[in-house]
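Written below as structure tokens is the structure these notes are about.
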Amino acid sequence: MTTASTAASAAPGALLGVYAPVGPRFVAGDGVELIAEDGTRYLDFVAGIGVNALGYNHPVVRQAVEHALGTGLIHISNLYRTEPAERLAEELVARSFADRVFFCNSGAEANEAAFKFARKWSGKSEIVAFSGSFHGRLFATLAATDRPEYKKPFEPLVPGIRIVPREDWAAVDHAVSASRTAAVIVEPVQGEGGVRPIDPEWLGFLRELCDSRGVAVIFDEVQCGLGRTGTLFAYEQTGVVPDVLTLAKPLAGGLPMGAVLLRDAIASALKPGDHATTFGGGPLVASVALEVVRTIAQPDFLAAVRQKGEWLGARLAGLASRSAKVRDARGRGLMWGLELAEPAAPCVTAARERGLLVLTAGANVLRLVPPLVITPQELERGVAILEEILA
Ligand SMILES: Cc1ncc(COP(=O)(O)O)c(C=O)c1O
């Protein structure tokens with residue numbers, strides 16, 4: 001049992017002890033740097049865990065927030081129509097496979113909604129997820145998340161959600177049932193599970209299997225979507241198109257927002273009252289998200305992410321080949337993991353002490369998800385610090 005004193009030591013002040021923040025308190029952000037109370041600047045390869053795609057104080061986000069505030073409308077409810085949500089939905093539809101969009105407030109909420117939509121459409125209840133997955137911390141998404149330590153204290157979770165080995169052809173063939181399975185959910189590039197791009201051939205097999213058994217394919221692009229891997233959506237690089245796609249993290253430039261993109265076939269199973277959220281798609285967040293999506297979707301912007309990603313991948317592969325501490329370098333675009341032969345947490349501390357913020361993805365993987373606007377020089381600065389620590 002957690003005692004009052006351990007909870008108090010993990011969380012500063014009156015904050016609940018579910019986080020254990022480390023390092024300084026930050027007071028400002030500028031480009032790809034965070035600035036601490038004492039004025040120290042940190043190069044940020046965390047980006048609010050893949051949220052701050054445009055870094056800090058980006059003019060597009062600033063202007064969108066200021067413009068939206070100028071209308072006086074932060075929120076008015078989905079009881080009424082507003083232009084920003086309608087335009088944002090049209091923008092996402094125009095740029096993807098989808099016909100309809102539902103807005104919510106986080107990644108977990110987007111995935112929970114996706115499960116409900118697949119259940120309503122299929123009339124079936126089971127969800128199949130895969131080893132290494134992370135889909136959120138609410139009851140159904142936690143059930144679909146492959147982290148026993150996160151789940152155990154909160155059981156029983158939602159029944160009918162199974163985790164089967166990823167990229168295992170026989171296991172998925174066995175698990176996906178025409179009579180029981182509503183949907184499968186997969187991250188095209190797993191994030192929390194160690195930064196793992198999933199084999200596109202296996203995704204193609206999964207797609208065919210689901211087609212033949214009347215099962216919806218949900219791609220969770222909460223972390224890997226919206227330019228992170230060098231294309232607007234990660235699915236574009238797999239050759240596989242899902243039925244439902246979830247987004248969140250970078251969508252509204254740091255404001256909380258999630259989205260579920262759906263094909264008409266599934267969307268048409270939903271009617272007024274089937275699902276709702278008070279804040280989803282409010283005018284302020286939707287206005288900002290529209291500008292963020294338009295900025296990221298520029299072909300030049302995405303080409304630059306791919307170019308910087310190739311450079312970063314080559315440097316990390318070089319580090320992996322030279323260093324006994326690094327077992328593997330994996331990733332796409334500006335989403336990379338370094339699998340270490342040792343725990344990753346001490347390297348996070350060592351990097352912070354040298355002015356670089358990085359995070360882990362599981363016990364042995366260092367995760368690098370810098371703002372997509374990072375310059376080659378800033379990438380070089382960060383990689384040089386990592387090489388110093390790991391060489
Ligand atoms: C792939 C993926 N799905 C879902 C989530 C949950 O998102 P949120 O924390 O916004 O609920 C995350 C968060 O890290 C994620 O990486």
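Chain labels A, B, ... are given in the sequence in which chains occur in the structure tokens; within each chain residues are numbered consecutively from 1, and ligands are likewise numbered from 1 in the order shown.
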
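Once segment 351-353 of chain A and its same-chain neighbours fewer than 6 positions away are set aside, Val22, Gly23, Pro24, Leu34, Ala36, Thr40, Arg41, Tyr42, Leu43, Asp44, Phe45, Val46, Ala344, Ala345, Leu359, Thr360, Leu366, Leu368, Arg381, Gly382, Val383, Ala384, Ile385, Leu386, Glu387, Glu388, Ile389 and Leu390 of chain A remain within 12 Å of it when counting only C-alpha atoms.
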
Those residues with N, CA and C atoms, as a PDB file, in the first residue's frame please?
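Below is the file again-v1.pdb, written as the result:
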```
ATOM      1  N   VAL A  22      10.579  15.450 -12.208  1.00  0.00           N
ATOM      2  CA  VAL A  22      11.997  15.613 -11.858  1.00  0.00           C
ATOM      3  C   VAL A  22      12.521  16.885 -12.504  1.00  0.00           C
ATOM      4  N   GLY A  23      13.676  17.336 -12.032  1.00  0.00           N
ATOM      5  CA  GLY A  23      14.326  18.493 -12.645  1.00  0.00           C
ATOM      6  C   GLY A  23      13.703  19.800 -12.201  1.00  0.00           C
ATOM      7  N   PRO A  24      14.059  20.858 -12.902  1.00  0.00           N
ATOM      8  CA  PRO A  24      13.634  22.202 -12.486  1.00  0.00           C
ATOM      9  C   PRO A  24      12.166  22.476 -12.818  1.00  0.00           C
ATOM     10  N   LEU A  34      13.180  24.769 -23.637  1.00  0.00           N
ATOM     11  CA  LEU A  34      12.415  25.103 -22.439  1.00  0.00           C
ATOM     12  C   LEU A  34      13.336  25.873 -21.508  1.00  0.00           C
ATOM     13  N   ALA A  36      14.128  27.205 -17.658  1.00  0.00           N
ATOM     14  CA  ALA A  36      13.834  26.935 -16.247  1.00  0.00           C
ATOM     15  C   ALA A  36      13.830  28.234 -15.445  1.00  0.00           C
ATOM     16  N   THR A  40      18.203  28.628 -17.003  1.00  0.00           N
ATOM     17  CA  THR A  40      18.866  27.593 -17.815  1.00  0.00           C
ATOM     18  C   THR A  40      17.949  27.164 -18.968  1.00  0.00           C
ATOM     19  N   ARG A  41      18.539  27.018 -20.145  1.00  0.00           N
ATOM     20  CA  ARG A  41      17.762  26.598 -21.319  1.00  0.00           C
ATOM     21  C   ARG A  41      18.022  25.120 -21.597  1.00  0.00           C
ATOM     22  N   TYR A  42      16.973  24.381 -21.878  1.00  0.00           N
ATOM     23  CA  TYR A  42      17.085  22.948 -22.178  1.00  0.00           C
ATOM     24  C   TYR A  42      16.583  22.689 -23.593  1.00  0.00           C
ATOM     25  N   LEU A  43      17.371  21.944 -24.348  1.00  0.00           N
ATOM     26  CA  LEU A  43      16.946  21.516 -25.675  1.00  0.00           C
ATOM     27  C   LEU A  43      15.934  20.384 -25.467  1.00  0.00           C
ATOM     28  N   ASP A  44      14.773  20.504 -26.087  1.00  0.00           N
ATOM     29  CA  ASP A  44      13.665  19.624 -25.722  1.00  0.00           C
ATOM     30  C   ASP A  44      13.375  18.569 -26.790  1.00  0.00           C
ATOM     31  N   PHE A  45      13.816  17.334 -26.547  1.00  0.00           N
ATOM     32  CA  PHE A  45      13.517  16.208 -27.444  1.00  0.00           C
ATOM     33  C   PHE A  45      12.324  15.399 -26.899  1.00  0.00           C
ATOM     34  N   VAL A  46      11.547  16.033 -26.021  1.00  0.00           N
ATOM     35  CA  VAL A  46      10.351  15.383 -25.460  1.00  0.00           C
ATOM     36  C   VAL A  46       9.088  16.005 -26.069  1.00  0.00           C
ATOM     37  N   ALA A 344      17.140   2.786 -19.057  1.00  0.00           N
ATOM     38  CA  ALA A 344      17.237   4.069 -19.767  1.00  0.00           C
ATOM     39  C   ALA A 344      17.136   5.276 -18.832  1.00  0.00           C
ATOM     40  N   ALA A 345      16.523   5.094 -17.660  1.00  0.00           N
ATOM     41  CA  ALA A 345      16.260   6.253 -16.783  1.00  0.00           C
ATOM     42  C   ALA A 345      17.532   7.031 -16.409  1.00  0.00           C
ATOM     43  N   LEU A 359      13.099  11.214 -23.124  1.00  0.00           N
ATOM     44  CA  LEU A 359      12.274  10.395 -22.235  1.00  0.00           C
ATOM     45  C   LEU A 359      12.473   8.917 -22.540  1.00  0.00           C
ATOM     46  N   THR A 360      11.849   8.087 -21.703  1.00  0.00           N
ATOM     47  CA  THR A 360      11.963   6.649 -21.905  1.00  0.00           C
ATOM     48  C   THR A 360      10.721   6.147 -22.645  1.00  0.00           C
ATOM     49  N   LEU A 366      15.344   4.649 -24.795  1.00  0.00           N
ATOM     50  CA  LEU A 366      15.344   6.113 -24.771  1.00  0.00           C
ATOM     51  C   LEU A 366      14.514   6.573 -25.948  1.00  0.00           C
ATOM     52  N   LEU A 368      13.070   9.659 -28.432  1.00  0.00           N
ATOM     53  CA  LEU A 368      13.348  10.998 -28.930  1.00  0.00           C
ATOM     54  C   LEU A 368      12.196  11.425 -29.828  1.00  0.00           C
ATOM     55  N   ARG A 381      23.069  19.218 -32.075  1.00  0.00           N
ATOM     56  CA  ARG A 381      23.421  19.515 -30.680  1.00  0.00           C
ATOM     57  C   ARG A 381      22.921  18.424 -29.743  1.00  0.00           C
ATOM     58  N   GLY A 382      21.689  17.988 -29.961  1.00  0.00           N
ATOM     59  CA  GLY A 382      21.100  16.961 -29.102  1.00  0.00           C
ATOM     60  C   GLY A 382      21.793  15.618 -29.272  1.00  0.00           C
ATOM     61  N   VAL A 383      22.057  15.255 -30.529  1.00  0.00           N
ATOM     62  CA  VAL A 383      22.689  13.958 -30.792  1.00  0.00           C
ATOM     63  C   VAL A 383      24.105  13.933 -30.210  1.00  0.00           C
ATOM     64  N   ALA A 384      24.798  15.074 -30.281  1.00  0.00           N
ATOM     65  CA  ALA A 384      26.164  15.129 -29.720  1.00  0.00           C
ATOM     66  C   ALA A 384      26.133  14.838 -28.217  1.00  0.00           C
ATOM     67  N   ILE A 385      25.109  15.339 -27.532  1.00  0.00           N
ATOM     68  CA  ILE A 385      24.991  15.067 -26.075  1.00  0.00           C
ATOM     69  C   ILE A 385      24.717  13.582 -25.850  1.00  0.00           C
ATOM     70  N   LEU A 386      23.842  13.010 -26.666  1.00  0.00           N
ATOM     71  CA  LEU A 386      23.551  11.570 -26.518  1.00  0.00           C
ATOM     72  C   LEU A 386      24.806  10.737 -26.776  1.00  0.00           C
ATOM     73  N   GLU A 387      25.572  11.135 -27.786  1.00  0.00           N
ATOM     74  CA  GLU A 387      26.797  10.378 -28.101  1.00  0.00           C
ATOM     75  C   GLU A 387      27.793  10.455 -26.944  1.00  0.00           C
ATOM     76  N   GLU A 388      27.848  11.634 -26.316  1.00  0.00           N
ATOM     77  CA  GLU A 388      28.744  11.808 -25.172  1.00  0.00           C
ATOM     78  C   GLU A 388      28.362  10.848 -24.041  1.00  0.00           C
ATOM     79  N   ILE A 389      27.049  10.695 -23.838  1.00  0.00           N
ATOM     80  CA  ILE A 389      26.571   9.843 -22.733  1.00  0.00           C
ATOM     81  C   ILE A 389      26.712   8.351 -23.058  1.00  0.00           C
ATOM     82  N   LEU A 390      26.475   8.019 -24.329  1.00  0.00           N
ATOM     83  CA  LEU A 390      26.335   6.591 -24.674  1.00  0.00           C
ATOM     84  C   LEU A 390      27.530   5.992 -25.401  1.00  0.00           C
TER      85      LEU A 390
END
```

Could the residues that lie within 7 Å of ligand 1, counting only C-alpha atoms and all ligand atoms, be listed as a PyMOL selection string? chain A and resi 106-109+111+134-137+187+190-192+220-223+248-249

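Going from atom CA of Arg315 of chain A over to atom CA of Ile374 of chain A, you cover 15.8 Å.
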
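When only C-alpha atoms are used to compute distances to Leu79 of chain A, the closest of the residues A:Trp336, A:Ser133, A:Gly281, A:Phe154 turns out to be A:Gly281.
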
Segment 122-127 of chain A surroundings by only C-alpha atoms, 9 Å radius, close-in-sequence under 4 positions cut, as an MDAnalysis selection string: chainID A and resid 115:118 144 159:163 176:177 179:185 214:216 266 269

Keeping only C-alpha atoms, write those residues as a CSV table (one decimal), in the first residue's frame.
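Listed below is the output, out.csv:
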```csv
chain,number,residue,atom,x,y,z
A,115,PHE,CA,-14.3,1.2,-29.4
A,116,LYS,CA,-17.9,2.3,-28.9
A,117,PHE,CA,-18.3,3.2,-32.6
A,118,ALA,CA,-17.0,-0.2,-33.7
A,144,ALA,CA,-6.2,-2.7,-24.4
A,159,PRO,CA,-14.2,-7.5,-20.3
A,160,GLY,CA,-13.8,-8.7,-23.9
A,161,ILE,CA,-10.6,-6.9,-24.6
A,162,ARG,CA,-7.7,-9.1,-25.4
A,163,ILE,CA,-4.0,-8.5,-26.1
A,176,VAL,CA,-10.0,-12.3,-34.5
A,177,SER,CA,-13.5,-13.9,-34.6
A,179,SER,CA,-18.9,-13.7,-34.6
A,180,ARG,CA,-17.4,-11.9,-31.6
A,181,THR,CA,-14.7,-9.3,-32.6
A,182,ALA,CA,-15.9,-5.7,-33.2
A,183,ALA,CA,-12.4,-4.2,-33.9
A,184,VAL,CA,-8.7,-4.5,-33.7
A,185,ILE,CA,-6.6,-1.6,-32.5
A,214,GLY,CA,-16.5,-8.0,-40.6
A,215,VAL,CA,-14.1,-6.4,-38.1
A,216,ALA,CA,-13.1,-2.7,-37.9
A,266,ILE,CA,-19.1,2.9,-39.6
A,269,ALA,CA,-24.2,3.4,-37.6
```

Expected answer as a ChimeraX atom specification: helix (DSSP H, G or I) residues in segment 164-367 of chain A: /A:169-175,200-213,234-237,264-267,283-297,299-322,345-353

Shell of 7 Å around segment 93-102 of chain A, only C-alpha atoms, local chain residues under 5 positions omitted, as a list in words: Ala259, Val260, Leu261, Leu262, Arg263, Asp264 and Ala267 of chain A

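The list of residues with at least one atom within 12 Å of Ala303 of chain A, based on only C-alpha atoms and without residues fewer than 3 positions apart in the same chain, reads Gly227, Arg228, Thr229, Gly230, Thr231, Leu232, Ile296, Ala297, Gln298, Pro299, Asp300, Arg306, Gln307, Lys308, Gly309, Glu310, Gly333, Leu334, Leu372 and Val373 of chain A.
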
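Residue nearest Leu356 of chain A, chosen from A:Pro156, A:Glu236, A:Val32, A:Leu16 and counting only C-alpha atoms: A:Val32.
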